[in-house]
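The next block holds one structure in the form of structure tokens; read it before the comments.
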Amino acid sequence: MGLYAQKILPYVLDWVMAGPEMAQYRKEILAGVSGEVLEIGFGTGLNLAYYPNSVKRITTVDVNPGMNSLALKRIRASAIAVDNRVLNSEHLPMADNSFDSVVSTWTLCSIANVEQALKEIYRVLKPDGQFFFVEHGLSDDPKIQVWQNRLTPIQKVITDGCHLNRNIRQLIENQFDAVRIEQFYADNFPKVVGYLYKGVATKN
Ligand SMILES: C[S@@+](CC[C@H](N)C(=O)[O-])C[C@H]1O[C@@H](n2cnc3c(N)ncnc32)[C@H](O)[C@@H]1O
């Protein structure tokens with residue numbers, strides 16, 4: 001991982017992703033989270049403020065140590081105890097059936113082997129455990145898809161691996177049988193980055 005990804009990108013993402021609209025989606029999806037919680041792609045810790053009060057402790061993983069140093073400030077200021085690890089979510093060291101809830105926000109776009117990460121999420125969830133997500137991805141409009149496919153190679157360079165054109169529904173449904181998803185354009189975002197998938201998948 002290069003200096004840009006570790007030293008500059010975390011500040012850019014922290015600024016871009018802290019807006020009120022994204023905060024609202026964070027709040028909505030995190031409202032259902034309970035029990036033992038794992039968050040993958042913790043980034044700079046922007047979700048921390050939106051966990052329900054009932055959540056006292058979470059485990060977090062992110063592959064980028066540069067994100068982690070910004071996240072530490074939020075962790076220190078939070079009432080939630082955070083077991084914060086620099087790890088690749090494609091290979092989680094946690095035991096099978098460990099968590100009641102796994103959370104991912106705007107992260108499945110960036111994981112190189114996303115299918116493997118979803119296998120790991122499924123594996124570490126307890127039976128009936130739930131995967132909570134808000135992600136951006138492939139639009140349902142073929143005209144937007146054309147641009148998403150064209151721009152993804154550039155986007156990957158600028159944002160350390162983020163794909164604009166992943167079909168998040170398909171990826172999650174390939175791993176989970178019980179999936180509830182809303183798909184819509186976020187207001188105030190260009191359509192190529194603003195097509196969202198928000199929902200919950202349950203491990204049977
Ligand atoms: C766009 S940021 C989103 C950060 C945060 N989830 C949020 O909502 O603000 C994507 C995050 O996924 C992390 N990431 C990418 N690939 C990863 C992997 N294989 N394992 C863990 N984290 C990863 C990146 O380092 C980055 O922090």
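Scheme for the structure tokens: letters A, B, ... for chains in order shown; per-chain residue numbers from 1; ligand numbers from 1 in order shown.
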Spatial neighbours of Leu196 (chain A), 12 Å, only C-alpha atoms, chain gap at least 4 places, as a PDB file with C-alpha atoms, in the first residue's frame:
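Final output, result.pdb:
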ATOM      1  CA  MET A  22     -24.402   9.684   4.583  1.00  0.00           C
ATOM      2  CA  TYR A  25     -27.952   6.280   6.127  1.00  0.00           C
ATOM      3  CA  THR A 105     -20.652   0.768   5.028  1.00  0.00           C
ATOM      4  CA  TRP A 106     -19.196   1.813   1.667  1.00  0.00           C
ATOM      5  CA  LEU A 108     -17.604  -3.895  -0.337  1.00  0.00           C
ATOM      6  CA  CYS A 109     -16.717  -1.624  -3.290  1.00  0.00           C
ATOM      7  CA  PHE A 133     -24.791  -2.845   4.970  1.00  0.00           C
ATOM      8  CA  VAL A 134     -24.981   0.416   3.040  1.00  0.00           C
ATOM      9  CA  GLU A 135     -22.950   0.259  -0.149  1.00  0.00           C
ATOM     10  CA  HIS A 136     -22.725   2.031  -3.468  1.00  0.00           C
ATOM     11  CA  GLY A 137     -22.589   0.024  -6.670  1.00  0.00           C
ATOM     12  CA  LEU A 138     -23.887  -0.819 -10.109  1.00  0.00           C
ATOM     13  CA  SER A 139     -26.868   1.302 -11.112  1.00  0.00           C
ATOM     14  CA  ASP A 140     -30.058  -0.242 -12.511  1.00  0.00           C
ATOM     15  CA  LEU A 164     -18.184   1.885  -9.139  1.00  0.00           C
ATOM     16  CA  ASN A 165     -19.685  -1.089 -10.943  1.00  0.00           C
ATOM     17  CA  ARG A 166     -20.133  -3.902  -8.444  1.00  0.00           C
ATOM     18  CA  ASN A 167     -23.554  -5.498  -8.322  1.00  0.00           C
ATOM     19  CA  ILE A 168     -23.847  -5.530  -4.548  1.00  0.00           C
ATOM     20  CA  ARG A 169     -27.204  -7.332  -4.536  1.00  0.00           C
ATOM     21  CA  ILE A 181     -32.251  -4.715   0.151  1.00  0.00           C
ATOM     22  CA  GLU A 182     -33.421  -1.244  -0.821  1.00  0.00           C
ATOM     23  CA  GLN A 183     -31.826   0.192  -3.963  1.00  0.00           C
ATOM     24  CA  PHE A 184     -32.020   3.893  -4.756  1.00  0.00           C
ATOM     25  CA  TYR A 185     -30.067   6.977  -5.772  1.00  0.00           C
ATOM     26  CA  ALA A 186     -28.820   9.096  -2.926  1.00  0.00           C
ATOM     27  CA  ASP A 187     -29.823  12.739  -3.311  1.00  0.00           C
ATOM     28  CA  PHE A 189     -24.528  12.651  -5.321  1.00  0.00           C
ATOM     29  CA  PRO A 190     -23.548  12.080  -8.960  1.00  0.00           C
ATOM     30  CA  LYS A 191     -25.396   8.998 -10.193  1.00  0.00           C
ATOM     31  CA  VAL A 192     -22.187   7.074 -10.939  1.00  0.00           C
TER      32      VAL A 192
END
Could you go through region 2-62 of chain A and tell me which residues DSSP, when run on the backbone, assigns to strand (DSSP E), listing them as a list in words? Val37, Leu38, Glu39, Ile40, Arg57, Ile58, Thr59, Thr60, Val61 and Asp62 of chain A
Between A:Ala31, A:Asn47, A:Val157, A:Leu3, smallest distance to Gly19 (chain A) by only C-alpha atoms belongs to A:Asn47
Which one is closest to ligand 1: A:Thr159, A:Asn88, A:Gln145, A:Ser101? Count only C-alpha atoms and all ligand atoms. A:Asn88
Which residue, A:Leu125, A:Ala81, A:Ile158, A:Leu48, has the smallest gap to Ala95 (chain A) when you use only C-alpha atoms?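 When distances to Ala95 (chain A) are compared using only C-alpha atoms, the smallest one comes from A:Leu125.
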Around ligand 1, out to 6 Å and counting only C-alpha atoms and all ligand atoms, which residues are there? I want them as a tab-separated table (two decimals) with N, CA and C atoms, in the first residue's frame.
chain	number	residue	atom	x	y	z
A	17	MET	N	-16.87	11.65	3.35
A	17	MET	CA	-17.85	10.69	3.83
A	17	MET	C	-18.55	11.10	5.13
A	40	ILE	N	-16.45	-4.23	9.41
A	40	ILE	CA	-15.33	-4.38	8.46
A	40	ILE	C	-15.15	-3.08	7.67
A	41	GLY	N	-13.89	-2.75	7.36
A	41	GLY	CA	-13.62	-1.50	6.65
A	41	GLY	C	-13.99	-0.31	7.52
A	42	PHE	N	-13.49	-0.32	8.74
A	42	PHE	CA	-13.87	0.68	9.75
A	42	PHE	C	-13.47	2.10	9.31
A	43	GLY	N	-12.49	2.21	8.43
A	43	GLY	CA	-12.10	3.52	7.91
A	43	GLY	C	-11.66	4.44	9.03
A	46	LEU	N	-16.21	6.72	11.19
A	46	LEU	CA	-17.37	7.60	11.08
A	46	LEU	C	-18.67	6.97	11.57
A	61	VAL	N	-12.20	-3.97	11.87
A	61	VAL	CA	-11.02	-4.27	11.07
A	61	VAL	C	-10.95	-3.31	9.88
A	62	ASP	N	-9.72	-2.92	9.57
A	62	ASP	CA	-9.46	-2.18	8.34
A	62	ASP	C	-8.04	-2.51	7.90
A	63	VAL	N	-7.87	-2.61	6.60
A	63	VAL	CA	-6.58	-3.05	6.07
A	63	VAL	C	-5.57	-1.89	6.01
A	64	ASN	N	-6.05	-0.65	6.08
A	64	ASN	CA	-5.18	0.52	5.87
A	64	ASN	C	-4.78	1.16	7.20
A	67	MET	N	-5.87	4.85	7.79
A	67	MET	CA	-7.25	5.08	8.22
A	67	MET	C	-7.32	4.95	9.74
A	87	LEU	N	-6.39	-5.27	9.71
A	87	LEU	CA	-6.51	-6.62	9.17
A	87	LEU	C	-7.21	-6.59	7.82
A	88	ASN	N	-6.93	-7.58	7.01
A	88	ASN	CA	-7.65	-7.76	5.75
A	88	ASN	C	-8.90	-8.59	6.03
A	89	SER	N	-10.05	-8.07	5.66
A	89	SER	CA	-11.29	-8.81	5.97
A	89	SER	C	-11.49	-10.02	5.05
A	90	GLU	N	-10.58	-10.23	4.12
A	90	GLU	CA	-10.65	-11.47	3.33
A	90	GLU	C	-10.18	-12.67	4.15
A	105	THR	N	-20.11	-0.42	5.70
A	105	THR	CA	-20.65	0.77	5.03
A	105	THR	C	-19.63	1.27	4.00
A	106	TRP	N	-20.03	1.33	2.76
A	106	TRP	CA	-19.20	1.81	1.67
A	106	TRP	C	-17.83	1.12	1.66
A	107	THR	N	-17.85	-0.20	1.82
A	107	THR	CA	-16.59	-0.97	1.90
A	107	THR	C	-16.53	-2.11	0.90
A	110	SER	N	-14.53	-1.74	-2.23
A	110	SER	CA	-13.06	-1.57	-2.20
A	110	SER	C	-12.28	-2.85	-1.90
A	111	ILE	N	-12.96	-3.87	-1.44
A	111	ILE	CA	-12.23	-5.09	-1.06
A	111	ILE	C	-11.85	-5.86	-2.33
Write out as a list in words which residues come within 8 Å of Lys27 (chain A) when counting only C-alpha atoms, dropping same-chain ones fewer than 4 positions away.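 My reading of the contact set: Ala23, Ala31, Tyr50 and Tyr51 of chain A.
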Take the selection from the previous step and output its residues with C-alpha atoms, as a short mmCIF file (atom, residue, chain, number, x, y, z; two decimals), in the first residue's frame.
data_model
loop_
_atom_site.label_atom_id
_atom_site.label_comp_id
_atom_site.auth_asym_id
_atom_site.auth_seq_id
_atom_site.Cartn_x
_atom_site.Cartn_y
_atom_site.Cartn_z
CA ALA A 23 -24.81 10.19 8.33
CA ALA A 31 -30.24 1.19 14.42
CA TYR A 50 -24.37 6.22 15.17
CA TYR A 51 -24.37 2.88 17.00
#
Quick one: residues within 9 Å of Glu115 (chain A), only C-alpha atoms counted, chain neighbours fewer than 6 positions away excluded, as a VMD selection string? chain A and resid 90 171 to 172 174 to 175
Keeping only C-alpha atoms, write the selected residues to a file as a PDB file, in the first residue's frame.
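Full text of out.pdb as output:
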ATOM      1  CA  GLU A  90     -10.651 -11.467   3.328  1.00  0.00           C
ATOM      2  CA  LEU A 171     -22.671 -10.445  -4.467  1.00  0.00           C
ATOM      3  CA  ILE A 172     -24.619 -10.592  -1.203  1.00  0.00           C
ATOM      4  CA  ASN A 174     -24.585 -15.302  -3.756  1.00  0.00           C
ATOM      5  CA  GLN A 175     -23.518 -15.709  -0.129  1.00  0.00           C
TER       6      GLN A 175
END
Looking at only C-alpha atoms, which of A:Gly32, A:Gly129, A:Gly194, A:Gly66 is the one that sits closest to Tyr4 (chain A)?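 The shortest atom-to-atom distance to Tyr4 (chain A) comes from A:Gly66.
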Shortest interatomic distance to Trp147 (chain A) - which of A:Lys126, A:Lys73, A:His163, A:Arg180, counting only C-alpha atoms: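 Going through A:Lys126, A:Lys73, A:His163, A:Arg180 one by one, the smallest distance to Trp147 (chain A) is for A:His163.
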Going by DSSP on the backbone, which residues of region 14-150 of chain A come out as alpha helix (DSSP H)? List them as a PyMOL selection string. chain A and resi 14-16+20-30+65-77+114-124+142-150
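You will find CA of Asp160 (chain A) at 12.0 Å from CA of Lys7 (chain A).
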Report the distance between CA of Ser54 (chain A) and CA of Ser34 (chain A) in Å, rounded to one decimal place.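 Rounded to one decimal, the two atoms are 7.2 Å apart.
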Select, from A:Ser98, A:Asn84, A:Gln24, A:Ser104, the residue with the minimum atom-to-atom distance to Phe132 (chain A), counting only C-alpha atoms. A:Ser104
